[in-house]
Structures are given as C-alpha cells and as structure tokens.
file target-v3.txt (compact mmCIF, C-alpha atoms)
# COMPACT_ATOMS: atom_id res chain seq x y z
CA MET A 1 0.00 0.00 0.00
CA PRO A 2 1.41 3.43 -0.92
CA ALA A 3 2.47 5.77 1.87
CA MET A 4 0.03 8.54 2.73
CA ASP A 5 0.49 11.95 4.31
CA ARG A 6 -2.41 12.55 6.69
CA LYS A 7 -2.25 16.36 6.63
CA SER A 8 -2.15 16.83 2.85
CA GLY A 9 -4.02 13.69 1.81
CA LEU A 10 -1.25 12.89 -0.65
CA THR A 11 -0.19 9.37 -1.43
CA PHE A 12 3.26 8.48 -2.65
CA ARG A 13 4.63 5.89 -4.99
CA SER A 14 8.01 5.03 -6.40
CA ALA A 15 8.45 5.42 -10.13
CA GLY A 16 8.75 2.43 -12.42
CA GLN A 17 10.18 2.21 -15.92
CA GLU A 18 6.73 2.90 -17.39
CA ASP A 19 6.91 6.34 -15.73
CA VAL A 20 9.91 7.59 -17.71
CA PRO A 21 7.80 9.94 -19.90
CA LEU A 22 6.19 11.38 -16.77
CA ILE A 23 9.59 11.84 -15.10
CA LEU A 24 10.84 13.74 -18.15
CA HIS A 25 7.65 15.84 -18.12
CA PHE A 26 8.31 16.90 -14.51
CA ILE A 27 12.00 17.58 -15.23
CA ARG A 28 11.04 19.87 -18.11
CA ALA A 29 8.37 21.62 -16.03
CA LEU A 30 10.94 22.26 -13.29
CA ALA A 31 13.49 23.52 -15.82
CA GLU A 32 10.92 25.86 -17.29
CA TYR A 33 10.17 27.24 -13.80
CA GLU A 34 13.90 27.69 -13.17
CA LYS A 35 14.34 29.42 -16.55
CA MET A 36 16.69 26.63 -17.67
CA LEU A 37 14.60 24.65 -20.15
CA ASP A 38 17.24 25.20 -22.84
CA GLN A 39 19.71 23.22 -20.69
CA VAL A 40 17.64 20.02 -20.52
CA VAL A 41 19.30 17.37 -22.68
CA ALA A 42 17.83 14.39 -20.80
CA THR A 43 15.89 11.93 -22.92
CA GLU A 44 13.61 9.06 -22.03
CA SER A 45 16.36 6.67 -23.08
CA LEU A 46 18.95 8.32 -20.80
CA LEU A 47 16.54 8.42 -17.85
CA ARG A 48 15.60 4.77 -18.33
CA GLU A 49 19.28 3.80 -18.42
CA TRP A 50 20.50 5.85 -15.44
CA ILE A 51 17.51 5.61 -13.13
CA PHE A 52 16.31 2.08 -13.76
CA GLU A 53 19.09 0.07 -15.42
CA ARG A 54 22.06 1.54 -13.56
CA GLN A 55 19.94 2.41 -10.50
CA LYS A 56 21.76 5.70 -9.86
CA ALA A 57 18.70 7.65 -8.71
CA GLU A 58 15.16 7.16 -7.49
CA VAL A 59 11.95 9.01 -8.19
CA LEU A 60 9.07 9.48 -5.81
CA PHE A 61 5.70 10.72 -7.08
CA ALA A 62 3.16 12.59 -4.96
CA LEU A 63 -0.44 11.84 -5.92
CA ALA A 64 -3.59 13.80 -5.13
CA ASP A 65 -6.80 11.96 -5.95
CA GLY A 66 -4.74 9.37 -7.84
CA LYS A 67 -3.02 11.92 -10.12
CA GLU A 68 0.69 12.75 -9.99
CA VAL A 69 1.00 16.36 -8.86
CA GLY A 70 4.66 16.45 -7.86
CA PHE A 71 7.88 14.51 -7.87
CA ALA A 72 11.22 14.20 -6.17
CA LEU A 73 14.36 12.75 -7.74
CA PHE A 74 16.99 11.74 -5.21
CA PHE A 75 20.02 9.51 -4.70
CA HIS A 76 22.39 8.40 -1.98
CA ASN A 77 25.54 10.34 -1.24
CA PHE A 78 28.06 9.73 1.52
CA SER A 79 29.35 11.78 4.43
CA THR A 80 32.82 10.82 5.57
CA PHE A 81 32.34 12.88 8.74
CA LEU A 82 29.14 11.04 9.66
CA GLY A 83 30.47 7.72 8.38
CA ARG A 84 27.18 6.95 6.65
CA SER A 85 25.18 7.79 3.58
CA GLY A 86 22.63 10.51 3.19
CA LEU A 87 19.99 11.36 0.65
CA TYR A 88 20.61 14.10 -1.84
CA LEU A 89 17.48 15.65 -3.29
CA GLU A 90 18.30 16.66 -6.84
CA ASP A 91 14.84 17.88 -7.82
CA LEU A 92 11.56 18.57 -6.06
CA PHE A 93 8.68 19.97 -8.06
CA VAL A 94 4.98 20.49 -7.44
CA SER A 95 2.84 21.49 -10.42
CA PRO A 96 1.91 25.19 -10.17
CA GLU A 97 -1.83 24.52 -9.93
CA HIS A 98 -1.21 22.33 -6.87
CA ARG A 99 1.04 24.67 -4.89
CA GLY A 100 0.05 26.20 -1.57
CA LYS A 101 -1.61 23.00 -0.33
CA GLY A 102 1.27 21.63 1.74
CA TYR A 103 2.38 19.18 -0.94
CA GLY A 104 6.03 20.30 -0.99
CA LYS A 105 6.23 19.85 2.77
CA ALA A 106 4.58 16.44 2.49
CA ILE A 107 7.14 15.35 -0.12
CA LEU A 108 10.04 16.51 2.07
CA THR A 109 8.46 14.76 5.06
CA GLN A 110 8.25 11.54 3.05
CA LEU A 111 11.89 11.89 1.96
CA ALA A 112 12.98 12.53 5.56
CA GLN A 113 11.14 9.35 6.59
CA ILE A 114 12.88 7.39 3.82
CA ALA A 115 16.24 8.78 4.95
CA LEU A 116 15.62 7.71 8.55
CA GLU A 117 14.30 4.28 7.53
CA ARG A 118 17.52 3.72 5.56
CA GLY A 119 19.72 4.89 8.42
CA CYS A 120 20.90 7.98 6.57
CA GLY A 121 22.58 10.77 8.49
CA ARG A 122 21.09 13.67 6.54
CA LEU A 123 18.94 14.92 3.71
CA GLU A 124 20.33 17.76 1.66
CA TRP A 125 19.73 19.70 -1.53
CA SER A 126 20.67 22.87 -3.37
CA CYS A 127 18.45 25.84 -4.15
CA LEU A 128 18.94 28.63 -6.66
CA ASP A 129 19.88 31.90 -4.95
CA TRP A 130 17.03 33.82 -6.64
CA ASN A 131 14.32 31.34 -5.62
CA GLN A 132 13.16 33.22 -2.53
CA PRO A 133 9.81 31.39 -2.18
CA SER A 134 11.63 28.06 -1.94
CA ILE A 135 14.31 29.48 0.36
CA ASN A 136 11.60 30.80 2.68
CA PHE A 137 9.84 27.44 2.59
CA TYR A 138 13.01 25.48 3.38
CA ARG A 139 13.94 27.85 6.19
CA SER A 140 10.41 27.48 7.65
CA LEU A 141 11.10 23.75 7.98
CA GLY A 142 14.30 24.41 9.89
CA ALA A 143 16.64 23.67 6.98
CA GLU A 144 19.89 25.58 7.23
CA PRO A 145 21.81 26.98 4.26
CA MET A 146 25.41 25.87 4.05
CA GLU A 147 26.73 29.41 3.81
CA ASP A 148 30.39 28.47 4.11
CA TRP A 149 30.19 26.12 1.10
CA THR A 150 30.14 26.79 -2.62
CA VAL A 151 29.15 24.16 -5.16
CA TYR A 152 31.74 23.58 -7.89
CA ARG A 153 31.12 21.75 -11.13
CA LEU A 154 33.09 20.26 -13.99
CA ALA A 155 30.98 19.54 -17.06
CA GLY A 156 31.18 19.20 -20.82
CA ASP A 157 34.51 20.09 -22.41
CA THR A 158 36.06 21.07 -19.07
CA LEU A 159 35.19 17.68 -17.58
CA ARG A 160 36.73 15.92 -20.60
CA ARG A 161 39.85 18.08 -20.42
CA VAL A 162 40.37 17.34 -16.72
CA ALA A 163 39.71 13.61 -17.26
CA GLU A 164 42.35 13.58 -19.95
CA GLY A 165 44.83 15.36 -17.69
CA GLY A 166 44.91 18.29 -20.07
CA ALA A 167 46.14 21.74 -19.21
CA GLN A 168 43.67 24.09 -17.64
CA PRO A 169 43.41 27.77 -18.41
CA PRO A 170 45.32 29.76 -15.79
CA PHE A 171 43.28 30.74 -12.73
CA GLN A 172 42.18 34.36 -12.92
CA GLY A 173 41.74 35.22 -9.24
CA ASN A 174 40.20 38.42 -7.96

call {"tool": "encode", "arguments": {"input": "target-v3.txt", "output": "structure tokens"}}
result
Amino acid sequence: MPAMDRKSGLTFRSAGQEDVPLILHFIRALAEYEKMLDQVVATESLLREWIFERQKAEVLFALADGKEVGFALFFHNFSTFLGRSGLYLEDLFVSPEHRGKGYGKAILTQLAQIALERGCGRLEWSCLDWNQPSINFYRSLGAEPMEDWTVYRLAGDTLRRVAEGGAQPPFQGN
C-alpha cells in the first residue's frame, strides 16, 4: 500500500520504468520554472538507463486523488564525517496549480522518513539563490543553508579536459 500523508491527503509511490515519460515531463516543467529549459538534454532513453538500469537515482511521485501532482528525484551520497550515507534531493517539483496545499512539505516529510528508515545521516539539496519562495519554505522547515560552502562543477569540455589530464586555463583570481 502506498504511503500517505495525513495532513495533505497525498499518497506516494516510487516510479517504475513505465513512468519515464512522466519523469521527463516533470523535469522539463521544473526547468521551465527555473528558466533553464534550454539546458535540458535528458531523454527518455537516458533516464531509463541511469535511473532504472544503472539504478543511480530514485523518483518518488506525490499523488492527489490518484493523479501525480509532484515529484522528487533523489540519490544516496556519503558523508565521511558522519560515516554513513545521506539522501541528496536533486529535484523537487509540485505542479503550479497544486502549490500552496502543503504538498512540498509532504514530499520533504516523506523523503525525511525514507532517509531515517535507511539509516541515513542527513537529507540535503541545493536551491537557486534567486528562488526566494523556496528558500523561505526550506527555512520554515528548519533547513539551514550551508553558507560556508560553494558548489563547484566540472561539465562538458572542461570535464573531458580534466579527465584527460589536459592543461587548464590559468586561474584568474580576484
């Protein structure tokens, strides 16, 4: 039986391979909200491979009256300081017409329960600096920003260059 959140009335279910088109729909809707739709290169084939065949991520759907109204994509990470894994929430999205009903909080509550059931030491995620409504929401839950940390990323040609041991452009410090 799917999990249910008593306050919101949502039920939850894990995604299966048949849900790949729906997962991609939610990813694109999130990217559109974040003004990054032009950066989405994910395809159904890639999602099927990485989520279900390689099992590198999981997807949880939130359902209201049997219809998917939100999703969360997450995976395990590891904290050397805690000596145990945690959950990293890559994406959380509630369809605009379903916002303001407590669904985002219910999804995070469900993820926190999953983290505790699995013995994880923490649940963490990133948020765009301009997304003040989400920042306010996360802070209202007691989530704390990691203000002393900056996310760094290697991608595309830079990732390939580093992997090949190639020379990097000189650092242009302040």

call {"tool": "closest_residue", "arguments": {"input": "target-v3.txt", "among": "A:Arg48, A:Arg139, A:Lys56, A:Lys105", "to": "Lys7 in chain A", "atoms": "all atoms listed in the file"}}
result
A:Lys105

call {"tool": "residues_around", "arguments": {"input": "target-v3.txt", "residues": "Leu141 in chain A", "least_positions_apart": "4", "cutoff": "12 Å", "atoms": "only C-alpha atoms", "output": "PyMOL selection string"}}
result
chain A and resi 102+104-106+108-109+112+134-137+145

call {"tool": "closest_residue", "arguments": {"input": "target-v3.txt", "among": "A:Ile23, A:Leu30, A:Leu128, A:Leu46", "to": "Leu92 in chain A", "atoms": "all atoms listed in the file"}}
result
A:Leu30

call {"tool": "closest_residue", "arguments": {"input": "target-v3.txt", "among": "A:Arg122, A:Arg13, A:Lys101, A:Arg84", "to": "Glu144 in chain A", "atoms": "only C-alpha atoms"}}
result
A:Arg122

call {"tool": "residues_around", "arguments": {"input": "target-v3.txt", "residues": "Glu34 in chain A", "least_positions_apart": "6", "cutoff": "10 Å", "atoms": "only C-alpha atoms", "output": "number ranges by chain"}}
result
A: 28, 128, 130-131

call {"tool": "write_last_selection", "arguments": {"input": "target-v3.txt", "atoms": "C-alpha atoms", "output": "CSV table (one decimal), in the coordinates of the input"}}
result
chain,number,residue,atom,x,y,z
A,28,ARG,CA,11.0,19.9,-18.1
A,128,LEU,CA,18.9,28.6,-6.7
A,130,TRP,CA,17.0,33.8,-6.6
A,131,ASN,CA,14.3,31.3,-5.6

call {"tool": "atom_distance", "arguments": {"input": "target-v3.txt", "atom1": "CA of Tyr103 in chain A", "atom2": "CA of Ala72 in chain A"}}
result
11.4 Å

call {"tool": "atom_distance", "arguments": {"input": "target-v3.txt", "atom1": "CA of Arg99 in chain A", "atom2": "CA of Gln55 in chain A"}}
result
29.7 Å

call {"tool": "residues_around", "arguments": {"input": "target-v3.txt", "residues": "Ile114 in chain A", "least_positions_apart": "5", "cutoff": "12 Å", "atoms": "only C-alpha atoms", "output": "ChimeraX atom specification"}}
result
/A:3,12,14,58,60,74-76,86-89,107-109,119-123

call {"tool": "closest_residue", "arguments": {"input": "target-v3.txt", "among": "A:Leu82, A:Val69, A:Leu111, A:Cys127", "to": "Leu22 in chain A", "atoms": "all atoms listed in the file"}}
result
A:Val69

call {"tool": "closest_residue", "arguments": {"input": "target-v3.txt", "among": "A:Asp129, A:Glu32, A:Glu53, A:Glu117", "to": "Pro96 in chain A", "atoms": "all atoms listed in the file"}}
result
A:Glu32

call {"tool": "atom_distance", "arguments": {"input": "target-v3.txt", "atom1": "CA of His25 in chain A", "atom2": "CA of Pro133 in chain A"}}
result
22.4 Å

call {"tool": "closest_atom_pairs", "arguments": {"input": "target-v3.txt", "of": "range 52-79 of chain A", "to": "range 17-21 of chain A", "cutoff": "10 Å", "atoms": "all atoms listed in the file", "output": "CSV"}}
result
residue,atom,partner,partner_atom,distance
A:Phe52,CA,A:Gln17,CA,6.5
A:Glu53,CA,A:Gln17,CA,9.2
A:Val59,CA,A:Asp19,CA,9.5
A:Phe61,CA,A:Asp19,CA,9.8

call {"tool": "closest_residue", "arguments": {"input": "target-v3.txt", "among": "A:Tyr138, A:Ser126, A:Lys35, A:Leu47", "to": "Tyr152 in chain A", "atoms": "all atoms listed in the file"}}
result
A:Ser126

call {"tool": "axis_aligned_box", "arguments": {"input": "target-v3.txt", "around": "range 119-123 of chain A", "padding_each_side": "4 Å", "output": "AutoDock Vina command-line options"}}
result
--center_x 20.8 --center_y 9.9 --center_z 6.1 --size_x 11.6 --size_y 18.0 --size_z 12.8

call {"tool": "decode", "arguments": {"input": "target-v3.txt", "residues": "range 98-139 of chain A", "atoms": "N, CA and C atoms", "output": "JSON list (two decimals), in the first residue's frame"}}
result
[["chain", "number", "residue", "atom", "x", "y", "z"],
["A", 98, "HIS", "N", -1.06, 23.08, -8.12],
["A", 98, "HIS", "CA", -1.21, 22.33, -6.87],
["A", 98, "HIS", "C", -0.37, 22.90, -5.73],
["A", 99, "ARG", "N", 0.22, 24.06, -5.94],
["A", 99, "ARG", "CA", 1.04, 24.67, -4.89],
["A", 99, "ARG", "C", 0.17, 25.32, -3.83],
["A", 100, "GLY", "N", 0.76, 25.53, -2.65],
["A", 100, "GLY", "CA", 0.05, 26.20, -1.57],
["A", 100, "GLY", "C", -0.87, 25.27, -0.79],
["A", 101, "LYS", "N", -0.75, 23.98, -1.01],
["A", 101, "LYS", "CA", -1.61, 23.00, -0.33],
["A", 101, "LYS", "C", -0.82, 22.12, 0.64],
["A", 102, "GLY", "N", 0.45, 22.43, 0.84],
["A", 102, "GLY", "CA", 1.27, 21.63, 1.74],
["A", 102, "GLY", "C", 1.92, 20.43, 1.08],
["A", 103, "TYR", "N", 1.85, 20.34, -0.24],
["A", 103, "TYR", "CA", 2.38, 19.18, -0.94],
["A", 103, "TYR", "C", 3.91, 19.13, -0.91],
["A", 104, "GLY", "N", 4.56, 20.28, -1.06],
["A", 104, "GLY", "CA", 6.03, 20.30, -0.99],
["A", 104, "GLY", "C", 6.52, 19.82, 0.37],
["A", 105, "LYS", "N", 5.87, 20.29, 1.42],
["A", 105, "LYS", "CA", 6.23, 19.85, 2.77],
["A", 105, "LYS", "C", 5.98, 18.36, 2.94],
["A", 106, "ALA", "N", 4.89, 17.87, 2.39],
["A", 106, "ALA", "CA", 4.58, 16.44, 2.49],
["A", 106, "ALA", "C", 5.63, 15.61, 1.76],
["A", 107, "ILE", "N", 6.10, 16.08, 0.61],
["A", 107, "ILE", "CA", 7.14, 15.35, -0.12],
["A", 107, "ILE", "C", 8.43, 15.33, 0.69],
["A", 108, "LEU", "N", 8.82, 16.47, 1.25],
["A", 108, "LEU", "CA", 10.04, 16.51, 2.07],
["A", 108, "LEU", "C", 9.89, 15.65, 3.32],
["A", 109, "THR", "N", 8.71, 15.62, 3.90],
["A", 109, "THR", "CA", 8.46, 14.76, 5.06],
["A", 109, "THR", "C", 8.65, 13.30, 4.67],
["A", 110, "GLN", "N", 8.11, 12.92, 3.52],
["A", 110, "GLN", "CA", 8.25, 11.54, 3.05],
["A", 110, "GLN", "C", 9.72, 11.20, 2.80],
["A", 111, "LEU", "N", 10.46, 12.12, 2.20],
["A", 111, "LEU", "CA", 11.89, 11.89, 1.96],
["A", 111, "LEU", "C", 12.67, 11.78, 3.28],
["A", 112, "ALA", "N", 12.32, 12.61, 4.25],
["A", 112, "ALA", "CA", 12.98, 12.53, 5.56],
["A", 112, "ALA", "C", 12.70, 11.17, 6.20],
["A", 113, "GLN", "N", 11.47, 10.67, 6.06],
["A", 113, "GLN", "CA", 11.14, 9.35, 6.59],
["A", 113, "GLN", "C", 11.94, 8.26, 5.89],
["A", 114, "ILE", "N", 12.08, 8.36, 4.57],
["A", 114, "ILE", "CA", 12.88, 7.39, 3.82],
["A", 114, "ILE", "C", 14.33, 7.44, 4.31],
["A", 115, "ALA", "N", 14.86, 8.65, 4.48],
["A", 115, "ALA", "CA", 16.24, 8.78, 4.95],
["A", 115, "ALA", "C", 16.43, 8.10, 6.30],
["A", 116, "LEU", "N", 15.51, 8.33, 7.23],
["A", 116, "LEU", "CA", 15.62, 7.71, 8.55],
["A", 116, "LEU", "C", 15.45, 6.20, 8.48],
["A", 117, "GLU", "N", 14.50, 5.73, 7.68],
["A", 117, "GLU", "CA", 14.30, 4.28, 7.53],
["A", 117, "GLU", "C", 15.55, 3.59, 7.00],
["A", 118, "ARG", "N", 16.31, 4.29, 6.16],
["A", 118, "ARG", "CA", 17.52, 3.72, 5.56],
["A", 118, "ARG", "C", 18.76, 3.97, 6.41],
["A", 119, "GLY", "N", 18.59, 4.62, 7.55],
["A", 119, "GLY", "CA", 19.72, 4.89, 8.42],
["A", 119, "GLY", "C", 20.61, 6.02, 7.95],
["A", 120, "CYS", "N", 20.11, 6.87, 7.09],
["A", 120, "CYS", "CA", 20.90, 7.98, 6.57],
["A", 120, "CYS", "C", 21.12, 9.04, 7.64],
["A", 121, "GLY", "N", 22.23, 9.75, 7.52],
["A", 121, "GLY", "CA", 22.58, 10.77, 8.49],
["A", 121, "GLY", "C", 22.04, 12.15, 8.16],
["A", 122, "ARG", "N", 21.60, 12.35, 6.90],
["A", 122, "ARG", "CA", 21.09, 13.67, 6.54],
["A", 122, "ARG", "C", 20.36, 13.62, 5.20],
["A", 123, "LEU", "N", 19.62, 14.67, 4.97],
["A", 123, "LEU", "CA", 18.94, 14.92, 3.71],
["A", 123, "LEU", "C", 19.36, 16.32, 3.30],
["A", 124, "GLU", "N", 19.87, 16.44, 2.09],
["A", 124, "GLU", "CA", 20.33, 17.76, 1.66],
["A", 124, "GLU", "C", 20.00, 18.01, 0.20],
["A", 125, "TRP", "N", 20.07, 19.29, -0.18],
["A", 125, "TRP", "CA", 19.73, 19.70, -1.53],
["A", 125, "TRP", "C", 20.32, 21.07, -1.77],
["A", 126, "SER", "N", 20.25, 21.52, -3.00],
["A", 126, "SER", "CA", 20.67, 22.87, -3.37],
["A", 126, "SER", "C", 19.44, 23.66, -3.82],
["A", 127, "CYS", "N", 19.55, 24.98, -3.73],
["A", 127, "CYS", "CA", 18.45, 25.84, -4.15],
["A", 127, "CYS", "C", 19.06, 27.05, -4.85],
["A", 128, "LEU", "N", 18.46, 27.44, -5.95],
["A", 128, "LEU", "CA", 18.94, 28.63, -6.66],
["A", 128, "LEU", "C", 18.83, 29.86, -5.77],
["A", 129, "ASP", "N", 19.84, 30.71, -5.81],
["A", 129, "ASP", "CA", 19.88, 31.90, -4.95],
["A", 129, "ASP", "C", 18.69, 32.84, -5.16],
["A", 130, "TRP", "N", 18.14, 32.90, -6.36],
["A", 130, "TRP", "CA", 17.03, 33.82, -6.64],
["A", 130, "TRP", "C", 15.67, 33.26, -6.23],
["A", 131, "ASN", "N", 15.61, 31.98, -5.88],
["A", 131, "ASN", "CA", 14.32, 31.34, -5.62],
["A", 131, "ASN", "C", 13.87, 31.58, -4.18],
["A", 132, "GLN", "N", 13.52, 32.82, -3.90],
["A", 132, "GLN", "CA", 13.16, 33.22, -2.53],
["A", 132, "GLN", "C", 11.96, 32.46, -1.97],
["A", 133, "PRO", "N", 10.92, 32.17, -2.76],
["A", 133, "PRO", "CA", 9.81, 31.39, -2.18],
["A", 133, "PRO", "C", 10.26, 30.03, -1.66],
["A", 134, "SER", "N", 11.13, 29.36, -2.40],
["A", 134, "SER", "CA", 11.63, 28.06, -1.94],
["A", 134, "SER", "C", 12.56, 28.22, -0.74],
["A", 135, "ILE", "N", 13.41, 29.23, -0.78],
["A", 135, "ILE", "CA", 14.31, 29.48, 0.36],
["A", 135, "ILE", "C", 13.49, 29.71, 1.62],
["A", 136, "ASN", "N", 12.46, 30.54, 1.52],
["A", 136, "ASN", "CA", 11.60, 30.80, 2.68],
["A", 136, "ASN", "C", 10.94, 29.52, 3.17],
["A", 137, "PHE", "N", 10.47, 28.70, 2.24],
["A", 137, "PHE", "CA", 9.84, 27.44, 2.59],
["A", 137, "PHE", "C", 10.83, 26.52, 3.31],
["A", 138, "TYR", "N", 12.02, 26.37, 2.76],
["A", 138, "TYR", "CA", 13.01, 25.48, 3.38],
["A", 138, "TYR", "C", 13.41, 25.97, 4.77],
["A", 139, "ARG", "N", 13.58, 27.28, 4.88],
["A", 139, "ARG", "CA", 13.94, 27.85, 6.19],
["A", 139, "ARG", "C", 12.81, 27.64, 7.20]]
